[in-house]
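One file, work_29.cif, carrying mmCIF, C-alpha atoms:
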```cif
data_target
loop_
_atom_site.label_atom_id
_atom_site.label_comp_id
_atom_site.auth_asym_id
_atom_site.auth_seq_id
_atom_site.Cartn_x
_atom_site.Cartn_y
_atom_site.Cartn_z
CA MET G 21 0.00 0.00 0.00
CA ILE G 22 1.25 3.42 -0.91
CA PRO G 23 1.31 5.71 2.17
CA LEU G 24 -1.09 8.49 1.24
CA ASP G 25 -0.57 10.73 4.24
CA ARG G 26 2.46 12.32 2.63
CA TYR G 27 0.17 13.87 0.01
CA GLU G 28 -2.32 16.69 0.20
CA LEU G 29 -4.81 17.29 -2.59
CA VAL G 30 -6.76 20.51 -2.66
CA THR G 31 -9.58 21.32 -5.04
CA PRO G 32 -9.91 25.02 -5.88
CA ARG G 33 -13.10 26.13 -7.62
CA THR G 34 -11.63 28.75 -9.93
CA LEU G 35 -8.42 29.43 -11.80
CA SER G 36 -7.56 32.38 -9.57
CA GLU G 37 -7.97 30.20 -6.46
CA ALA G 38 -5.71 27.61 -8.07
CA LEU G 39 -3.06 30.25 -8.87
CA GLU G 40 -3.22 31.54 -5.28
CA GLU G 41 -2.71 28.00 -4.03
CA LEU G 42 0.34 27.55 -6.25
CA ALA G 43 1.76 30.91 -5.11
CA ALA G 44 1.06 30.37 -1.42
CA PHE G 45 2.61 26.91 -1.30
CA PRO G 46 5.85 26.84 -3.30
CA GLY G 47 6.55 23.33 -4.48
CA SER G 48 2.85 22.49 -4.86
CA ARG G 49 2.05 20.93 -8.21
CA PRO G 50 -1.00 20.93 -10.44
CA LEU G 51 -2.96 17.73 -10.99
CA ALA G 52 -5.21 17.44 -14.03
CA GLY G 53 -6.53 14.12 -15.39
CA GLY G 54 -4.09 12.07 -13.34
CA THR G 55 -3.03 9.74 -16.14
CA ASP G 56 0.65 10.47 -15.47
CA LEU G 57 0.76 11.47 -11.79
CA MET G 58 -1.44 8.62 -10.55
CA VAL G 59 0.81 6.12 -12.33
CA ALA G 60 3.74 7.61 -10.41
CA LEU G 61 1.69 7.47 -7.19
CA GLU G 62 1.15 3.74 -7.54
CA ALA G 63 4.77 3.17 -8.54
CA GLY G 64 5.89 4.90 -5.35
CA THR G 65 7.69 7.64 -7.30
CA LEU G 66 5.26 10.52 -6.88
CA ALA G 67 7.01 13.26 -4.90
CA ALA G 68 5.43 13.87 -1.49
CA GLY G 69 3.71 17.20 -1.06
CA ARG G 70 0.75 19.32 -1.99
CA TYR G 71 -1.20 18.82 -5.19
CA VAL G 72 -3.67 21.26 -6.65
CA SER G 73 -6.50 19.69 -8.62
CA LEU G 74 -7.30 21.86 -11.63
CA LEU G 75 -10.39 20.02 -12.77
CA GLY G 76 -12.70 22.45 -11.03
CA CYS G 77 -11.36 25.43 -13.03
CA PRO G 78 -13.68 26.15 -15.97
CA GLU G 79 -11.32 28.81 -17.38
CA LEU G 80 -8.91 26.05 -18.41
CA ARG G 81 -11.44 24.23 -20.55
CA GLY G 82 -12.86 24.68 -24.00
CA ILE G 83 -11.66 24.89 -27.58
CA ASP G 84 -12.16 28.46 -28.83
CA VAL G 85 -11.97 29.53 -32.45
CA THR G 86 -10.74 33.10 -32.94
CA SER G 87 -9.65 35.13 -35.94
CA ASP G 88 -6.04 34.31 -34.99
CA GLY G 89 -6.56 30.58 -34.86
CA VAL G 90 -7.61 28.14 -32.17
CA SER G 91 -7.07 28.23 -28.44
CA LEU G 92 -7.31 25.03 -26.42
CA GLY G 93 -7.74 25.07 -22.68
CA ALA G 94 -4.98 23.11 -20.97
CA LEU G 95 -7.61 20.74 -19.55
CA THR G 96 -8.82 19.72 -23.01
CA THR G 97 -8.86 15.93 -23.02
CA TYR G 98 -7.79 13.73 -25.91
CA THR G 99 -11.44 12.73 -26.35
CA GLU G 100 -12.45 16.39 -26.62
CA ILE G 101 -9.68 16.95 -29.16
CA ARG G 102 -10.92 14.01 -31.23
CA ARG G 103 -14.48 15.34 -31.25
CA SER G 104 -13.57 18.90 -32.23
CA ARG G 105 -14.72 19.82 -35.75
CA VAL G 106 -12.24 22.64 -36.18
CA LEU G 107 -9.33 20.43 -35.14
CA GLN G 108 -10.52 17.67 -37.45
CA SER G 109 -10.58 20.00 -40.42
CA ASP G 110 -7.63 22.29 -39.78
CA TYR G 111 -5.30 20.52 -37.34
CA PRO G 112 -5.70 16.82 -38.16
CA MET G 113 -2.34 15.82 -36.70
CA LEU G 114 -3.68 16.62 -33.23
CA ILE G 115 -6.57 14.27 -33.91
CA ALA G 116 -4.14 11.57 -35.00
CA ALA G 117 -1.98 12.09 -31.90
CA ALA G 118 -4.98 12.04 -29.55
CA SER G 119 -6.34 8.90 -31.21
CA GLU G 120 -3.11 7.00 -30.70
CA THR G 121 -2.56 7.94 -27.06
CA GLY G 122 -3.43 5.09 -24.71
CA GLY G 123 -6.96 3.86 -25.19
CA VAL G 124 -10.46 5.22 -24.71
CA ALA G 125 -10.19 5.39 -20.92
CA THR G 126 -6.89 7.29 -21.03
CA GLN G 127 -8.22 9.67 -23.69
CA ASN G 128 -11.26 10.51 -21.58
CA ARG G 129 -9.04 11.77 -18.75
CA GLY G 130 -5.64 12.72 -20.15
CA THR G 131 -5.23 16.40 -21.00
CA VAL G 132 -3.09 18.23 -23.54
CA GLY G 133 -1.72 20.54 -20.80
CA GLY G 134 -0.75 17.57 -18.69
CA ASN G 135 0.90 15.90 -21.68
CA ILE G 136 3.02 19.01 -22.25
CA ALA G 137 3.84 19.61 -18.58
CA ASN G 138 4.81 15.99 -17.98
CA ALA G 139 7.49 16.64 -20.60
CA SER G 140 8.15 13.10 -21.71
CA PRO G 141 10.28 13.13 -24.87
CA ALA G 142 8.01 10.36 -26.14
CA ALA G 143 4.75 12.29 -25.73
CA ASP G 144 2.39 12.11 -28.70
CA THR G 145 0.93 15.61 -29.01
CA PRO G 146 4.14 17.69 -28.78
CA PRO G 147 5.42 16.88 -32.28
CA ALA G 148 2.05 17.91 -33.74
CA LEU G 149 2.02 21.08 -31.61
CA LEU G 150 5.55 21.95 -32.74
CA ALA G 151 4.68 21.44 -36.39
CA TYR G 152 1.64 23.69 -35.94
CA ASP G 153 3.78 26.50 -34.37
CA ALA G 154 1.88 26.38 -31.09
CA SER G 155 2.43 28.86 -28.33
CA LEU G 156 1.60 28.42 -24.65
CA GLU G 157 -0.18 30.82 -22.36
CA LEU G 158 1.41 30.42 -18.94
CA MET G 159 -0.25 31.86 -15.86
CA SER G 160 0.67 32.53 -12.29
CA SER G 161 -0.79 34.78 -9.62
CA GLU G 162 1.63 37.44 -10.95
CA GLY G 163 0.23 37.44 -14.45
CA THR G 164 0.32 35.85 -17.87
CA ARG G 165 3.03 35.32 -20.44
CA MET G 166 3.13 33.70 -23.85
CA VAL G 167 5.93 31.34 -24.82
CA PRO G 168 6.47 29.84 -28.27
CA TYR G 169 6.14 26.14 -27.65
CA VAL G 170 9.37 25.51 -29.54
CA HIS G 171 11.21 27.24 -26.64
CA PHE G 172 9.30 25.60 -23.82
CA HIS G 173 11.19 22.33 -23.39
CA ARG G 174 14.70 23.06 -22.11
CA GLY G 175 16.07 19.57 -21.69
CA TYR G 176 15.00 16.15 -20.49
CA LYS G 177 11.94 16.74 -18.27
CA LYS G 178 12.95 20.41 -17.86
CA THR G 179 10.46 23.01 -18.97
CA ASP G 180 10.28 26.79 -18.87
CA LEU G 181 7.54 26.70 -16.22
CA GLN G 182 8.49 28.99 -13.36
CA PRO G 183 7.44 28.40 -9.72
CA GLY G 184 3.75 29.09 -9.29
CA GLU G 185 3.05 28.85 -13.02
CA LEU G 186 0.75 26.55 -14.87
CA ILE G 187 -0.08 26.05 -18.52
CA ALA G 188 -3.44 27.74 -19.08
CA ARG G 189 -4.02 27.56 -22.82
CA ILE G 190 -2.40 26.31 -25.99
CA HIS G 191 -2.66 28.62 -28.98
CA LEU G 192 -2.51 27.38 -32.56
CA PRO G 193 -2.11 30.00 -35.27
CA ARG G 194 -4.59 30.02 -38.10
CA ARG G 195 -3.58 27.87 -41.02
CA SER G 196 -3.69 28.81 -44.65
CA LEU G 197 -4.47 25.51 -46.24
CA SER G 198 -4.63 24.78 -49.92
CA ARG G 199 -4.92 21.70 -52.10
CA ALA G 200 -1.14 21.63 -52.12
CA SER G 201 -0.98 21.32 -48.31
CA ARG G 202 -0.39 18.05 -46.59
CA ASP G 203 -0.24 17.00 -42.94
CA TYR G 204 1.45 13.76 -42.02
CA TYR G 205 1.57 12.19 -38.56
CA ARG G 206 2.87 8.76 -37.76
CA LYS G 207 3.60 7.14 -34.44
CA VAL G 208 5.67 3.97 -34.55
CA GLY G 209 5.28 1.75 -31.52
CA THR G 210 4.80 -1.86 -30.52
CA ARG G 211 1.01 -1.62 -30.83
CA ARG G 212 -1.48 0.82 -32.33
CA ALA G 213 -2.75 1.58 -28.82
CA GLN G 214 -1.38 1.69 -25.27
CA ALA G 215 2.17 2.02 -26.57
CA ILE G 216 4.86 4.58 -25.94
CA SER G 217 6.37 5.53 -29.26
CA LYS G 218 9.72 4.37 -30.55
CA VAL G 219 9.60 7.23 -33.04
CA CYS G 220 6.90 9.82 -33.60
CA PHE G 221 6.84 12.11 -36.65
CA ALA G 222 4.69 15.12 -37.46
CA GLY G 223 5.11 17.08 -40.68
CA THR G 224 3.24 19.73 -42.60
CA ILE G 225 4.15 20.80 -46.10
CA ARG G 226 2.80 23.18 -48.70
CA LEU G 227 4.00 23.19 -52.26
CA GLU G 228 3.82 25.96 -54.81
CA GLY G 229 4.15 24.33 -58.17
CA ASP G 230 6.79 21.73 -57.50
CA ARG G 231 8.68 23.79 -54.90
CA VAL G 232 8.38 23.50 -51.14
CA GLN G 233 6.77 26.74 -50.02
CA ASP G 234 6.40 25.90 -46.33
CA VAL G 235 7.49 22.91 -44.32
CA ARG G 236 7.50 22.00 -40.64
CA ILE G 237 8.93 18.78 -39.24
CA ALA G 238 8.91 17.64 -35.62
CA LEU G 239 9.74 14.35 -33.96
CA GLY G 240 9.33 12.64 -30.62
CA SER G 241 11.38 9.91 -28.97
CA VAL G 242 14.58 10.81 -30.81
CA ALA G 243 16.00 13.43 -28.43
CA PRO G 244 15.69 14.52 -24.77
CA THR G 245 12.72 16.63 -25.83
CA ALA G 246 10.35 16.67 -28.78
CA VAL G 247 12.36 18.35 -31.51
CA ARG G 248 11.73 20.64 -34.48
CA ALA G 249 13.90 19.47 -37.36
CA THR G 250 14.88 22.94 -38.55
CA ARG G 251 17.90 21.73 -40.53
CA ALA G 252 15.80 19.24 -42.49
CA GLU G 253 13.25 22.00 -43.06
CA ALA G 254 15.96 24.35 -44.35
CA ALA G 255 17.25 21.65 -46.71
CA LEU G 256 13.77 21.40 -48.24
CA GLN G 257 12.58 25.00 -48.21
CA GLY G 258 12.27 26.44 -51.72
CA ASN G 259 13.40 23.23 -53.41
CA ALA G 260 11.70 20.66 -55.57
CA LEU G 261 11.42 17.18 -54.05
CA THR G 262 14.18 15.61 -56.11
CA PRO G 263 16.16 12.57 -54.93
CA ALA G 264 19.04 14.95 -54.15
CA ALA G 265 16.78 17.17 -52.03
CA LEU G 266 15.41 14.16 -50.14
CA ALA G 267 18.91 12.86 -49.52
CA ALA G 268 20.02 16.27 -48.23
CA ALA G 269 16.96 16.50 -45.97
CA GLU G 270 17.65 13.03 -44.63
CA GLU G 271 21.27 13.87 -43.87
CA ALA G 272 20.18 17.07 -42.15
CA LEU G 273 17.60 15.19 -40.09
CA VAL G 274 20.16 12.65 -38.89
CA SER G 275 22.44 15.50 -37.78
CA GLU G 276 19.79 17.08 -35.55
CA ILE G 277 18.34 14.11 -33.71
CA ALA G 278 19.99 12.28 -30.85
CA PRO G 279 18.19 8.97 -30.29
CA ILE G 280 19.31 6.57 -27.61
CA ASP G 281 19.16 2.88 -26.87
CA ASP G 282 16.51 2.22 -24.26
CA ILE G 283 13.95 -0.33 -23.17
CA ARG G 284 11.81 0.29 -26.23
CA SER G 285 14.26 0.60 -29.09
CA THR G 286 17.76 1.41 -30.25
CA ALA G 287 19.40 4.54 -31.60
CA LEU G 288 20.09 2.73 -34.87
CA TYR G 289 16.49 1.67 -35.36
CA ARG G 290 15.15 5.07 -34.40
CA THR G 291 17.47 6.81 -36.87
CA ARG G 292 16.47 4.44 -39.64
CA VAL G 293 12.76 4.79 -38.95
CA ALA G 294 12.97 8.58 -38.63
CA CYS G 295 14.49 8.68 -42.12
CA ASN G 296 11.86 6.30 -43.47
CA LEU G 297 9.09 8.45 -42.03
CA LEU G 298 10.66 11.57 -43.53
CA ARG G 299 10.63 9.94 -46.94
CA GLU G 300 7.08 8.68 -46.53
CA PHE G 301 6.06 12.22 -45.52
CA LEU G 302 7.68 13.64 -48.64
CA GLY G 303 5.96 11.11 -50.85
CA ASP G 304 9.05 9.14 -51.71
CA HIS G 305 7.74 5.82 -52.95
CA GLU G 306 11.03 3.95 -53.24
CA MET Q 2 -3.70 8.65 8.79
CA PRO Q 3 -4.62 11.94 10.50
CA ASP Q 4 -8.39 12.66 10.50
CA ALA Q 5 -7.80 15.95 8.73
CA ALA Q 6 -6.59 14.05 5.67
CA ILE Q 7 -9.84 12.11 5.23
CA VAL Q 8 -12.55 13.51 2.97
CA ARG Q 9 -16.14 12.46 2.48
CA VAL Q 10 -17.01 12.40 -1.21
CA THR Q 11 -20.66 12.31 -2.22
CA CYS Q 12 -21.45 10.64 -5.51
CA THR Q 13 -23.91 8.20 -6.96
CA ILE Q 14 -22.81 4.64 -7.57
CA ASN Q 15 -25.03 2.54 -9.82
CA GLY Q 16 -27.82 5.02 -9.28
CA ARG Q 17 -27.59 5.08 -5.51
CA ARG Q 18 -26.36 8.11 -3.58
CA THR Q 19 -23.22 7.08 -1.76
CA VAL Q 20 -20.64 8.72 0.47
CA LEU Q 21 -17.11 7.43 0.04
CA GLU Q 22 -14.61 8.21 2.77
CA GLY Q 23 -10.89 8.26 2.21
CA HIS Q 24 -7.86 10.28 1.34
CA PRO Q 25 -8.60 12.65 -1.57
CA ILE Q 26 -5.81 11.18 -3.68
CA GLU Q 27 -6.77 7.60 -2.89
CA ARG Q 28 -7.48 5.64 -6.04
CA LEU Q 29 -11.17 5.35 -6.89
CA LEU Q 30 -10.43 1.66 -7.49
CA ASP Q 31 -9.50 1.19 -3.84
CA ALA Q 32 -12.41 3.28 -2.54
CA LEU Q 33 -14.86 1.17 -4.57
CA ARG Q 34 -13.38 -2.11 -3.46
CA HIS Q 35 -13.29 -1.02 0.18
CA ALA Q 36 -16.96 -0.14 -0.18
CA GLY Q 37 -17.67 -3.75 -1.13
CA LEU Q 38 -17.83 -3.24 -4.90
CA THR Q 39 -15.19 -5.80 -5.72
CA GLY Q 40 -16.33 -6.44 -9.29
CA THR Q 41 -13.85 -3.76 -10.39
CA LYS Q 42 -10.45 -5.44 -10.57
CA GLU Q 43 -6.87 -4.31 -10.26
CA GLY Q 44 -4.79 -5.67 -13.12
CA CYS Q 45 -1.74 -3.49 -13.68
CA GLY Q 46 -2.32 -0.45 -11.46
CA GLU Q 47 -1.00 1.83 -14.19
CA GLY Q 48 -3.82 2.38 -16.64
CA GLU Q 49 -2.68 -0.13 -19.26
CA CYS Q 50 -4.94 -3.16 -18.85
CA GLY Q 51 -8.45 -1.76 -18.35
CA ALA Q 52 -9.46 -4.31 -15.69
CA CYS Q 53 -10.33 -1.43 -13.36
CA GLY Q 54 -12.63 0.25 -15.87
CA VAL Q 55 -15.72 2.09 -14.60
CA LEU Q 56 -17.93 4.77 -16.09
CA VAL Q 57 -17.92 8.24 -14.56
CA ASP Q 58 -20.73 10.43 -15.89
CA GLY Q 59 -21.05 7.96 -18.74
CA GLU Q 60 -17.37 8.05 -19.73
CA LEU Q 61 -15.05 5.08 -19.46
CA VAL Q 62 -12.11 5.71 -17.12
CA ASN Q 63 -9.42 3.63 -15.43
CA SER Q 64 -10.34 3.80 -11.74
CA CYS Q 65 -6.74 3.01 -10.77
CA LEU Q 66 -5.80 6.46 -12.08
CA MET Q 67 -8.70 8.45 -10.69
CA PRO Q 68 -8.31 10.23 -7.36
CA LEU Q 69 -11.30 9.88 -5.03
CA ALA Q 70 -11.69 13.68 -4.94
CA HIS Q 71 -12.52 13.65 -8.66
CA VAL Q 72 -15.82 11.76 -8.24
CA GLU Q 73 -17.39 14.40 -6.00
CA GLY Q 74 -20.89 15.02 -7.33
CA ARG Q 75 -20.50 12.55 -10.19
CA ALA Q 76 -22.30 9.39 -11.27
CA VAL Q 77 -20.25 6.22 -11.21
CA THR Q 78 -21.27 2.97 -12.92
CA THR Q 79 -19.42 -0.19 -11.97
CA ILE Q 80 -19.83 -3.69 -13.35
CA GLU Q 81 -22.34 -4.30 -10.57
CA GLY Q 82 -24.56 -1.68 -12.19
CA VAL Q 83 -24.61 -3.08 -15.71
CA ALA Q 84 -27.25 -5.74 -15.18
CA SER Q 85 -30.78 -4.65 -14.27
CA ASP Q 86 -31.69 -6.53 -11.11
CA GLU Q 87 -31.57 -10.17 -12.21
CA THR Q 88 -31.50 -9.51 -15.96
CA LEU Q 89 -28.12 -9.53 -17.66
CA HIS Q 90 -27.36 -6.77 -20.09
CA ALA Q 91 -27.14 -7.88 -23.73
CA VAL Q 92 -23.33 -7.61 -23.57
CA GLN Q 93 -23.13 -9.83 -20.50
CA ALA Q 94 -25.51 -12.44 -21.95
CA ALA Q 95 -23.49 -12.49 -25.18
CA PHE Q 96 -20.26 -13.05 -23.21
CA VAL Q 97 -21.89 -16.01 -21.49
CA ASP Q 98 -23.23 -17.50 -24.70
CA CYS Q 99 -20.15 -16.86 -26.86
CA GLY Q 100 -17.50 -17.93 -24.36
CA GLY Q 101 -16.05 -14.45 -23.97
CA ALA Q 102 -14.66 -15.19 -20.50
CA GLN Q 103 -12.16 -17.74 -19.25
CA CYS Q 104 -10.64 -16.74 -15.93
CA GLY Q 105 -12.89 -13.68 -15.82
CA ILE Q 106 -10.45 -11.16 -14.41
CA CYS Q 107 -10.53 -8.92 -17.50
CA THR Q 108 -14.25 -9.47 -18.04
CA PRO Q 109 -15.74 -6.66 -15.95
CA GLY Q 110 -13.49 -4.16 -17.73
CA MET Q 111 -14.23 -5.69 -21.13
CA VAL Q 112 -17.98 -5.59 -20.50
CA LEU Q 113 -17.80 -1.95 -19.43
CA ALA Q 114 -15.69 -1.01 -22.45
CA ALA Q 115 -18.21 -2.75 -24.72
CA TYR Q 116 -21.13 -1.15 -22.84
CA ASP Q 117 -19.48 2.23 -23.27
CA LEU Q 118 -18.94 1.59 -27.00
CA LEU Q 119 -22.56 0.56 -27.57
CA SER Q 120 -23.84 3.62 -25.73
CA ARG Q 121 -22.08 5.74 -28.36
CA ASN Q 122 -22.26 3.51 -31.42
CA GLN Q 123 -25.03 0.94 -31.86
CA ASP Q 124 -23.58 -0.43 -35.09
CA PRO Q 125 -19.83 -0.72 -34.60
CA SER Q 126 -17.61 -2.27 -37.20
CA ASP Q 127 -15.05 -4.92 -36.30
CA GLU Q 128 -12.44 -2.14 -36.31
CA ASP Q 129 -14.58 0.05 -34.02
CA ILE Q 130 -14.80 -2.82 -31.53
CA ARG Q 131 -11.05 -3.45 -31.60
CA VAL Q 132 -10.32 0.24 -31.06
CA ALA Q 133 -12.87 0.56 -28.26
CA LEU Q 134 -11.40 -2.44 -26.45
CA ALA Q 135 -7.77 -1.57 -27.21
CA GLY Q 136 -7.29 -0.45 -23.62
CA ASN Q 137 -8.34 -3.84 -22.24
CA LEU Q 138 -5.88 -6.72 -22.00
CA CYS Q 139 -6.78 -10.41 -21.75
CA ARG Q 140 -4.28 -13.17 -21.05
CA CYS Q 141 -6.62 -16.10 -21.62
CA THR Q 142 -8.93 -15.87 -24.60
CA GLY Q 143 -6.81 -14.47 -27.42
CA TYR Q 144 -9.54 -11.81 -27.84
CA GLN Q 145 -11.46 -13.44 -30.71
CA ARG Q 146 -14.33 -14.65 -28.55
CA ILE Q 147 -14.47 -11.32 -26.80
CA PHE Q 148 -14.92 -9.48 -30.09
CA ALA Q 149 -17.45 -12.12 -31.19
CA SER Q 150 -19.38 -11.56 -27.95
CA VAL Q 151 -19.56 -7.83 -28.58
CA LEU Q 152 -20.73 -8.38 -32.17
CA GLU Q 153 -23.36 -10.82 -30.95
CA ALA Q 154 -24.56 -8.28 -28.37
CA CYS Q 155 -25.01 -5.76 -31.21
CA ARG Q 156 -26.86 -8.31 -33.33
CA ARG Q 157 -29.23 -9.11 -30.48
CA SER Q 158 -29.83 -5.45 -29.75
CA GLY Q 159 -31.31 -5.23 -33.23
CA ARG Q 160 -28.67 -3.36 -35.22
#
```

Take the structure from the file and write it as structure tokens.
Amino acid sequence: MIPLDRYELVTPRTLSEALEELAAFPGSRPLAGGTDLMVALEAGTLAAGRYVSLLGCPELRGIDVTSDGVSLGALTTYTEIRRSRVLQSDYPMLIAAASETGGVATQNRGTVGGNIANASPAADTPPALLAYDASLELMSSEGTRMVPYVHFHRGYKKTDLQPGELIARIHLPRRSLSRASRDYYRKVGTRRAQAISKVCFAGTIRLEGDRVQDVRIALGSVAPTAVRATRAEAALQGNALTPAALAAAEEALVSEIAPIDDIRSTALYRTRVACNLLREFLGDHE
Amino acid sequence: MPDAAIVRVTCTINGRRTVLEGHPIERLLDALRHAGLTGTKEGCGEGECGACGVLVDGELVNSCLMPLAHVEGRAVTTIEGVASDETLHAVQAAFVDCGGAQCGICTPGMVLAAYDLLSRNQDPSDEDIRVALAGNLCRCTGYQRIFASVLEACRRSGR
């Protein structure tokens, strides 16, 4: 039996109450759906201390469409993501990521804010969020700041969250989609459900004629954090998708990922699969 | 445990108003089992196997990952609430008739996952069933009879 008396769990009714709690008790941590923290609890690895349940805070919920794009409350669950019409039409990689996380029961409780804050390099939504140029609205009792998501993860399990801060909303800029746009998301794991990825790839591309007008590539499970493959993007930008361009992009990709051998896979396999996914994304049918 | 740490959480369980007492971060799974509702099983304790599945406000969740504090004011359905009095639900009857259970430890979770699926989709495809039950592990049956049981339940419910 896990000794529970080393934990406190408080349930504020509003966001401002929650922020006051986090400010008044340094070291207290938010709890959302519990699909990460409760696993740690049972494993005996959850740090003792005070936890602030956010589920009672309505300000952290909802998917709002604005003229700038879409704003997701941090408490948006994977199930809510999957059911969102605007995400289905304009941000389909988030739908794909949410559909491949855990199973139905996990998706009903797990939240996008929790997935980001837990900062696993293998998380499923971060590559999609990176490819969509997401930014995070971070709040504390002192105020609000916006951080481009690409700058949020500082290292393995290290984020830019300051004491007393929580992730309030995730902002996705409006997309200009055309018939020459393509989104590609693929998670490679042992199963199509309930699996942590060996490699996860998210890419968006827009062509003008035969030239790459716009490209974003992000991967999970190949570095200490989810990573934007800016060198691969640069190798493709403005070019036609010739074998030489694909080869250059692949070489660039290999130079900017740092996969490891671990319980799930090897660095060699991950590198190979990352390259295969890049080529599949770019429509290379060899 | 100090008295100050204990909370009293009011919810409904299988339609009946119930007060569960425990630590707010205690697993709902443990609170249910301590309350005598032992149909909900612990398989893995980490949200991978689905044996602890229950419905909270009509949504399937893993009770091993749900803190007690999170069911305040909510409606919980456990496996004990799936049958109506002495009448088995169509899913349960199909499991019996199609051999969907061997040791039975995964069965409550499987039945609830199927029940949850059918509440949202009365005419699921084979793929829909596999996806809906993807969070439930079985070590005995090899899954085929479980999927067949769910299909049979749909057939009987007049799809």

As a PDB file with C-alpha atoms, in the frame of the given file, please: the residues near Val106 of chain G (cut-off 12 Å, all atoms listed in the file, same-chain neighbours under 6 positions excluded).
```pdb
ATOM      1  CA  ILE G  83     -11.660  24.890 -27.580  1.00  0.00           C
ATOM      2  CA  ASP G  84     -12.160  28.460 -28.830  1.00  0.00           C
ATOM      3  CA  VAL G  85     -11.970  29.530 -32.450  1.00  0.00           C
ATOM      4  CA  THR G  86     -10.740  33.100 -32.940  1.00  0.00           C
ATOM      5  CA  GLY G  89      -6.560  30.580 -34.860  1.00  0.00           C
ATOM      6  CA  VAL G  90      -7.610  28.140 -32.170  1.00  0.00           C
ATOM      7  CA  SER G  91      -7.070  28.230 -28.440  1.00  0.00           C
ATOM      8  CA  LEU G  92      -7.310  25.030 -26.420  1.00  0.00           C
ATOM      9  CA  GLU G 100     -12.450  16.390 -26.620  1.00  0.00           C
ATOM     10  CA  PRO G 112      -5.700  16.820 -38.160  1.00  0.00           C
ATOM     11  CA  LEU G 114      -3.680  16.620 -33.230  1.00  0.00           C
ATOM     12  CA  ILE G 115      -6.570  14.270 -33.910  1.00  0.00           C
ATOM     13  CA  LEU G 192      -2.510  27.380 -32.560  1.00  0.00           C
ATOM     14  CA  ARG G 194      -4.590  30.020 -38.100  1.00  0.00           C
ATOM     15  CA  ARG G 195      -3.580  27.870 -41.020  1.00  0.00           C
TER      16      ARG G 195
END
```

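For Val57 of chain Q, the non-local neighbours within 8 Å, defined as residues at least 4 positions apart in the same chain or in other chains and counting all atoms listed in the file, are Leu61, Val62, Val72, Arg75, Ala76, Val77 and Thr78 of chain Q.
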
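In terms of minimum interatomic distance to Tyr27 of chain G, Q:Glu27 ranks closest within Q:Asp129, Q:Glu49, Q:Glu27, Q:Glu22, counting all atoms listed in the file.
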
**Item:** Exercise answer, chain G residues close to chain Q, 12 Å and all atoms listed in the file, as an MDAnalysis selection string
**Value:** chainID G and resid 21:32 51:64 66 68:76 99:100 119:130 211:216

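Here atom CA of Leu39 of chain G stands at a distance of 20.2 Å from atom CA of His191 of chain G.
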
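Minimum atom-to-atom distances from Q:Thr41, Q:Ser158, Q:Ser120, Q:Gly74 to Arg9 of chain Q were compared using all atoms listed in the file, and the lowest value belongs to Q:Gly74.
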
**Request:** May I ask for the distance between atom CA of Asn138 of chain G and atom CA of Lys218 of chain G, given in Å to one decimal place?
**Result:** 17.8 Å
